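Below is one structure; the comments refer to it alone.
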Amino acid sequence: MAKPEIAERAEQLRRDLEYHNYLYYVKAEPELSDLAYDRLYRELAELETAYPEFATDDSPTRKVGGIELSEFEQHAHSVPMLSLDNTYSPTELRAFHQRVCKLLGSEQVEYFVEPKIDGVSISLRYEDGRLVRALTRGDGVVGDDITANARTIRSVPGRLLGNQPPAVWEARGEVFMTKADFEKLNKARAAAGDTVFANVRNSTAGSLKTRHSAEVAKRPLDAIFYARGEVAGVAVDSQSGFVEALNGFGFKTSPLNRLCEGIDAVLAVIGDLGAQRDSLPYEIDGAVIKVNDASLQEELGFTSKAPRWAIAYKYAAEKAITKLKSVTVQVGRTGALTPVAELEPVFLSGSTVSRATLHNFEEVARRDIRAGDFVEIEKAGDVIPAVLRPVTERRDGTETPIATPPTCPSCNGPTTASDREVAIRCLNAECPAQVQNKLQHFASRGAMDIDSLGEAMIELLVDNGFVRTAADLYELTAEQHGQLSRFEGHGSRSIEKLFDGIEKSKENPPWRLLFGLGVRHVGAAGARALLAHFGDLDKLAAAGVDELTLVPDIGPIVAESIGQYFGDDINLNQLDRLRAAGLTFAGEAADQAADSPFSGKTCVITGTLSEMTRDAAKELLLSHGAKVSGSVSAKTDFLIVGENAGSKLAKAEAAGVTVLSEGVFREMAGAV
Ligand code: IVH
């Protein structure tokens, strides 16, 4: 064959194979026998090997991977990847509908309802019909470039089907594994002595972030698409039309998507989906409801976080019953002793659960939970599983009461109970478990964000006596650096990264440092509010409790705790050392209040909240720049409802006020 003919033949084979991939992996309706497919595939592979100049990146032969990266490049999304607000009840969903109606000045709204697939989102960019880039969501603005990995997903088109691809087509969707594939993968890993994945989402995320695409190709990844990014050269006038176009171009979309006229029809579809949930091959954690018409979507627009034209509806947490084998005790960073249930493993909402929190010993006593009991457990989304109640009907008399530990299980030191709180605490500030957990908190993503300082690294530093407090991290010497590099199991590269990470963290804004110090009752939002007010950690440390209480956002409990912390010489000494090490103490009057969805809004709280007191909720709202009022009126922007909400809820619904459950509120306030 002459060269132009070879090039043409290779191109023809790629088109044919792409189409047969689509029939096989997307439509599940293959036309070719495996043998016939293999023949075409081999012909193409041989041509591409013999004539590498005619090979292409998007060739179906690349689905087996073969690219190795040292790290992922970052790339900005052409259109930000927003997330969705959540609702948890028909009432909240109706409130969303009312909001939409009010904003559009209409009673009739057509919605497109889709299953909310529990996986990892991805954005694929096609230019002139060819896949050019795949990005993870990242922070919504910038994602990791995982193009080589995405190319290995069998149901992801390397090229769009059809002869007239649009100039730009960005399809967004969810990468996932089926429940069966996930179980199979974990079994194989366990058999090979590899760590098993905690849940489907983790295993999918882990697979997509693997740096060897040949390895990714072996993972059973699949993808379903549902949203658009940048699109040019083709008109999209509705969500249903967009999904049809996705199908036409060869993407997998959900067969469970439904067009609904009005909110009652939406609720009926959500009910149907919920009923099918367990029998679906993959995990869904809810439904997504989208205003169908694109011009109405545009009219509704976006908040800083999410579109106003779409919302997620999350199904209630799944529950399971299993045996509580024994109770172990965890020591937290503040010394609080938390009882943990060691369970007979049970599969629940996408993962195998073998441990669950029992919250505190008072709770254990109040619920009369005993070792050996069958217990009902629950897991909501990402939340750590919790034990709800003992199944007393199944007791056989062998169950034993759970005793409150008289000493700390980590250091054997004395513990105290106080009537001011339910927690029992270990009082020894040098307790190894506390030291470890304090440092873990300090380095965590929400605080100083030192990636290279994970649990194992902290253990190494603590066990060798190099580090006991945060300040010690910044005083590690060159000699210790050398010693660490020689420890087994920690390559010198990870030690390099550790030192780089510590150095870089010195530039963090001071609210991160304050939060990282772990002052009781000072969360990330509180730390930001405090620094926004004082502008300087030293000024904050010097402020008296009275002055702190005057800060509009700070309540008496937080003020007292801060006063106590900075009244302690040990803490002041640590502060001196951190300042001397060059950490950032001043600057950046964090303007988080300005980006908060609650900023400038009037909020009312009603009913009994389960995760926080009403005072704490109020404080949190104030720290976000909201006004908190006692009664619902036309001026109310948000009503936050706990259990047994009464007339305020009815009034708010009648007035079209946005109603937020406690969960949604906490999520929006960044307090989860
Ligand atoms: S729409 C602006 N549709 O849920 C549109 N998201 O909680 C934003 N998800 O980040 C997304 N299934 O990862 C949409 N049918 C679906 C979805 C879906 C799953 C995920 C997605 C998103 C998250 C938001």
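Here's how to read the names in the structure tokens: chain A, B, ... by the order shown, residue numbers from 1 in each chain, ligand numbers from 1 in the order shown.
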Tell me, as a PyMOL selection string, which residues lie within 6 Å of Arg528 of chain A, counting only C-alpha atoms; anything in the same chain fewer than 3 positions away does not count.
chain A and resi 511+525+531-532+590
Give me, as a ChimeraX atom specification, all polymer residues having an atom no more than 9 Å from Ala150 of chain A, counting only C-alpha atoms and skipping those fewer than 2 positions away in the same chain.
/A:63,122,124,133-135,146-148,152-154,156,208,213,216-217
Kindly export the residues of the current selection with all heavy atoms, as a short mmCIF file (atom, residue, chain, number, x, y, z; two decimals), in the first residue's frame.
data_model
loop_
_atom_site.label_atom_id
_atom_site.label_comp_id
_atom_site.auth_asym_id
_atom_site.auth_seq_id
_atom_site.Cartn_x
_atom_site.Cartn_y
_atom_site.Cartn_z
N LYS A 63 -6.74 2.73 24.19
CA LYS A 63 -7.57 2.43 25.35
C LYS A 63 -6.85 1.53 26.36
O LYS A 63 -7.31 1.38 27.48
CB LYS A 63 -8.89 1.78 24.92
CG LYS A 63 -9.79 2.71 24.14
CD LYS A 63 -11.12 2.92 24.86
CE LYS A 63 -12.00 3.92 24.17
NZ LYS A 63 -12.05 5.20 24.90
N ILE A 122 -16.09 14.53 35.94
CA ILE A 122 -15.03 14.70 34.95
C ILE A 122 -15.55 15.64 33.87
O ILE A 122 -16.76 15.70 33.64
CB ILE A 122 -14.66 13.32 34.34
CG1 ILE A 122 -13.39 13.39 33.50
CG2 ILE A 122 -15.79 12.76 33.51
CD1 ILE A 122 -12.93 12.03 33.01
N LEU A 124 -14.89 16.59 29.84
CA LEU A 124 -14.18 16.18 28.62
C LEU A 124 -14.33 17.26 27.56
O LEU A 124 -15.45 17.70 27.29
CB LEU A 124 -14.77 14.88 28.06
CG LEU A 124 -14.78 13.67 28.97
CD1 LEU A 124 -15.43 12.50 28.25
CD2 LEU A 124 -13.36 13.30 29.40
N ARG A 133 -8.94 17.06 25.87
CA ARG A 133 -8.54 17.19 27.26
C ARG A 133 -9.62 16.65 28.19
O ARG A 133 -10.81 16.83 27.94
CB ARG A 133 -8.29 18.66 27.61
CG ARG A 133 -7.66 18.82 28.99
CD ARG A 133 -7.26 20.24 29.28
NE ARG A 133 -6.32 20.76 28.32
CZ ARG A 133 -6.57 21.76 27.50
NH1 ARG A 133 -7.72 22.36 27.54
NH2 ARG A 133 -5.66 22.15 26.64
N ALA A 134 -9.16 15.99 29.27
CA ALA A 134 -10.07 15.55 30.32
C ALA A 134 -9.56 16.12 31.63
O ALA A 134 -8.37 16.01 31.93
CB ALA A 134 -10.09 14.03 30.39
N LEU A 135 -10.45 16.78 32.36
CA LEU A 135 -10.05 17.38 33.63
C LEU A 135 -10.92 16.85 34.76
O LEU A 135 -12.11 16.59 34.58
CB LEU A 135 -10.24 18.91 33.59
CG LEU A 135 -9.40 19.72 32.61
CD1 LEU A 135 -9.80 21.19 32.68
CD2 LEU A 135 -7.92 19.58 32.93
N ILE A 146 -6.30 14.74 33.32
CA ILE A 146 -6.23 13.27 33.36
C ILE A 146 -6.59 12.69 31.99
O ILE A 146 -7.20 11.62 31.90
CB ILE A 146 -7.14 12.70 34.47
CG1 ILE A 146 -8.56 13.24 34.33
CG2 ILE A 146 -6.60 12.99 35.86
CD1 ILE A 146 -9.59 12.39 35.06
N THR A 147 -6.20 13.41 30.94
CA THR A 147 -6.59 13.00 29.58
C THR A 147 -6.17 11.56 29.28
O THR A 147 -6.98 10.76 28.78
CB THR A 147 -5.95 13.95 28.54
OG1 THR A 147 -6.19 15.30 28.97
CG2 THR A 147 -6.55 13.74 27.17
N ALA A 148 -4.92 11.22 29.60
CA ALA A 148 -4.43 9.88 29.25
C ALA A 148 -5.28 8.82 29.94
O ALA A 148 -5.60 7.78 29.35
CB ALA A 148 -2.97 9.73 29.65
N THR A 152 -8.64 5.77 28.46
CA THR A 152 -8.72 4.32 28.66
C THR A 152 -10.13 3.86 29.02
O THR A 152 -10.39 2.66 29.04
CB THR A 152 -7.77 3.84 29.78
OG1 THR A 152 -8.27 4.32 31.04
CG2 THR A 152 -6.35 4.34 29.58
N ILE A 153 -11.02 4.79 29.35
CA ILE A 153 -12.38 4.37 29.74
C ILE A 153 -13.12 3.96 28.48
O ILE A 153 -13.28 4.75 27.55
CB ILE A 153 -13.12 5.51 30.48
CG1 ILE A 153 -12.32 5.92 31.71
CG2 ILE A 153 -14.54 5.08 30.84
CD1 ILE A 153 -12.88 7.14 32.43
N ARG A 154 -13.54 2.70 28.45
CA ARG A 154 -14.07 2.14 27.20
C ARG A 154 -15.28 2.91 26.67
O ARG A 154 -15.47 3.03 25.48
CB ARG A 154 -14.46 0.67 27.40
CG ARG A 154 -13.32 -0.23 27.86
CD ARG A 154 -12.15 -0.14 26.89
NE ARG A 154 -11.14 -1.18 27.07
CZ ARG A 154 -10.09 -1.09 27.88
NH1 ARG A 154 -9.93 -0.02 28.63
NH2 ARG A 154 -9.21 -2.06 27.94
N VAL A 156 -15.92 6.05 26.95
CA VAL A 156 -15.65 7.46 26.63
C VAL A 156 -15.22 7.57 25.17
O VAL A 156 -14.23 6.96 24.77
CB VAL A 156 -14.54 8.02 27.55
CG1 VAL A 156 -13.93 9.30 26.98
CG2 VAL A 156 -15.10 8.29 28.94
N LEU A 208 -8.67 7.15 38.81
CA LEU A 208 -8.48 8.27 37.87
C LEU A 208 -7.20 9.03 38.16
O LEU A 208 -6.66 9.70 37.29
CB LEU A 208 -9.67 9.23 37.95
CG LEU A 208 -10.94 8.76 37.25
CD1 LEU A 208 -12.04 9.77 37.44
CD2 LEU A 208 -10.70 8.52 35.76
N SER A 213 -1.28 5.11 32.92
CA SER A 213 -2.59 4.91 32.30
C SER A 213 -2.85 3.44 31.98
O SER A 213 -3.99 3.01 31.92
CB SER A 213 -2.76 5.81 31.07
OG SER A 213 -1.85 5.43 30.08
N VAL A 216 -4.67 2.22 34.84
CA VAL A 216 -6.05 2.73 34.84
C VAL A 216 -6.91 1.89 33.89
O VAL A 216 -8.07 1.58 34.18
CB VAL A 216 -6.10 4.21 34.40
CG1 VAL A 216 -7.51 4.76 34.50
CG2 VAL A 216 -5.13 5.04 35.21
N ALA A 217 -6.30 1.52 32.75
CA ALA A 217 -7.05 0.76 31.75
C ALA A 217 -7.57 -0.56 32.31
O ALA A 217 -8.55 -1.11 31.84
CB ALA A 217 -6.15 0.49 30.54
#
I'd like the neighbourhood of segment 30-42 of chain A as number ranges by chain, where a residue qualifies if any of its atoms comes within 10 Å (using only C-alpha atoms), though same-chain residues fewer than 2 positions away should be ignored.
A: 13-14, 16-17, 19-28, 44-48, 60-61
Given a cut-off of 8 Å, what residues near ligand 1 show up using only C-alpha atoms and all ligand atoms, put as a PyMOL selection string?
chain A and resi 81-86+113-122+137+172-174+225-228+284+287-290+306-307+310+312
From the options A:Pro166, A:Gly286, A:Gly105, A:Gly372, which residue's atoms come nearest to Glu318 of chain A, counting only C-alpha atoms?
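That would be A:Gly286, the residue with the smallest distance to Glu318 of chain A.
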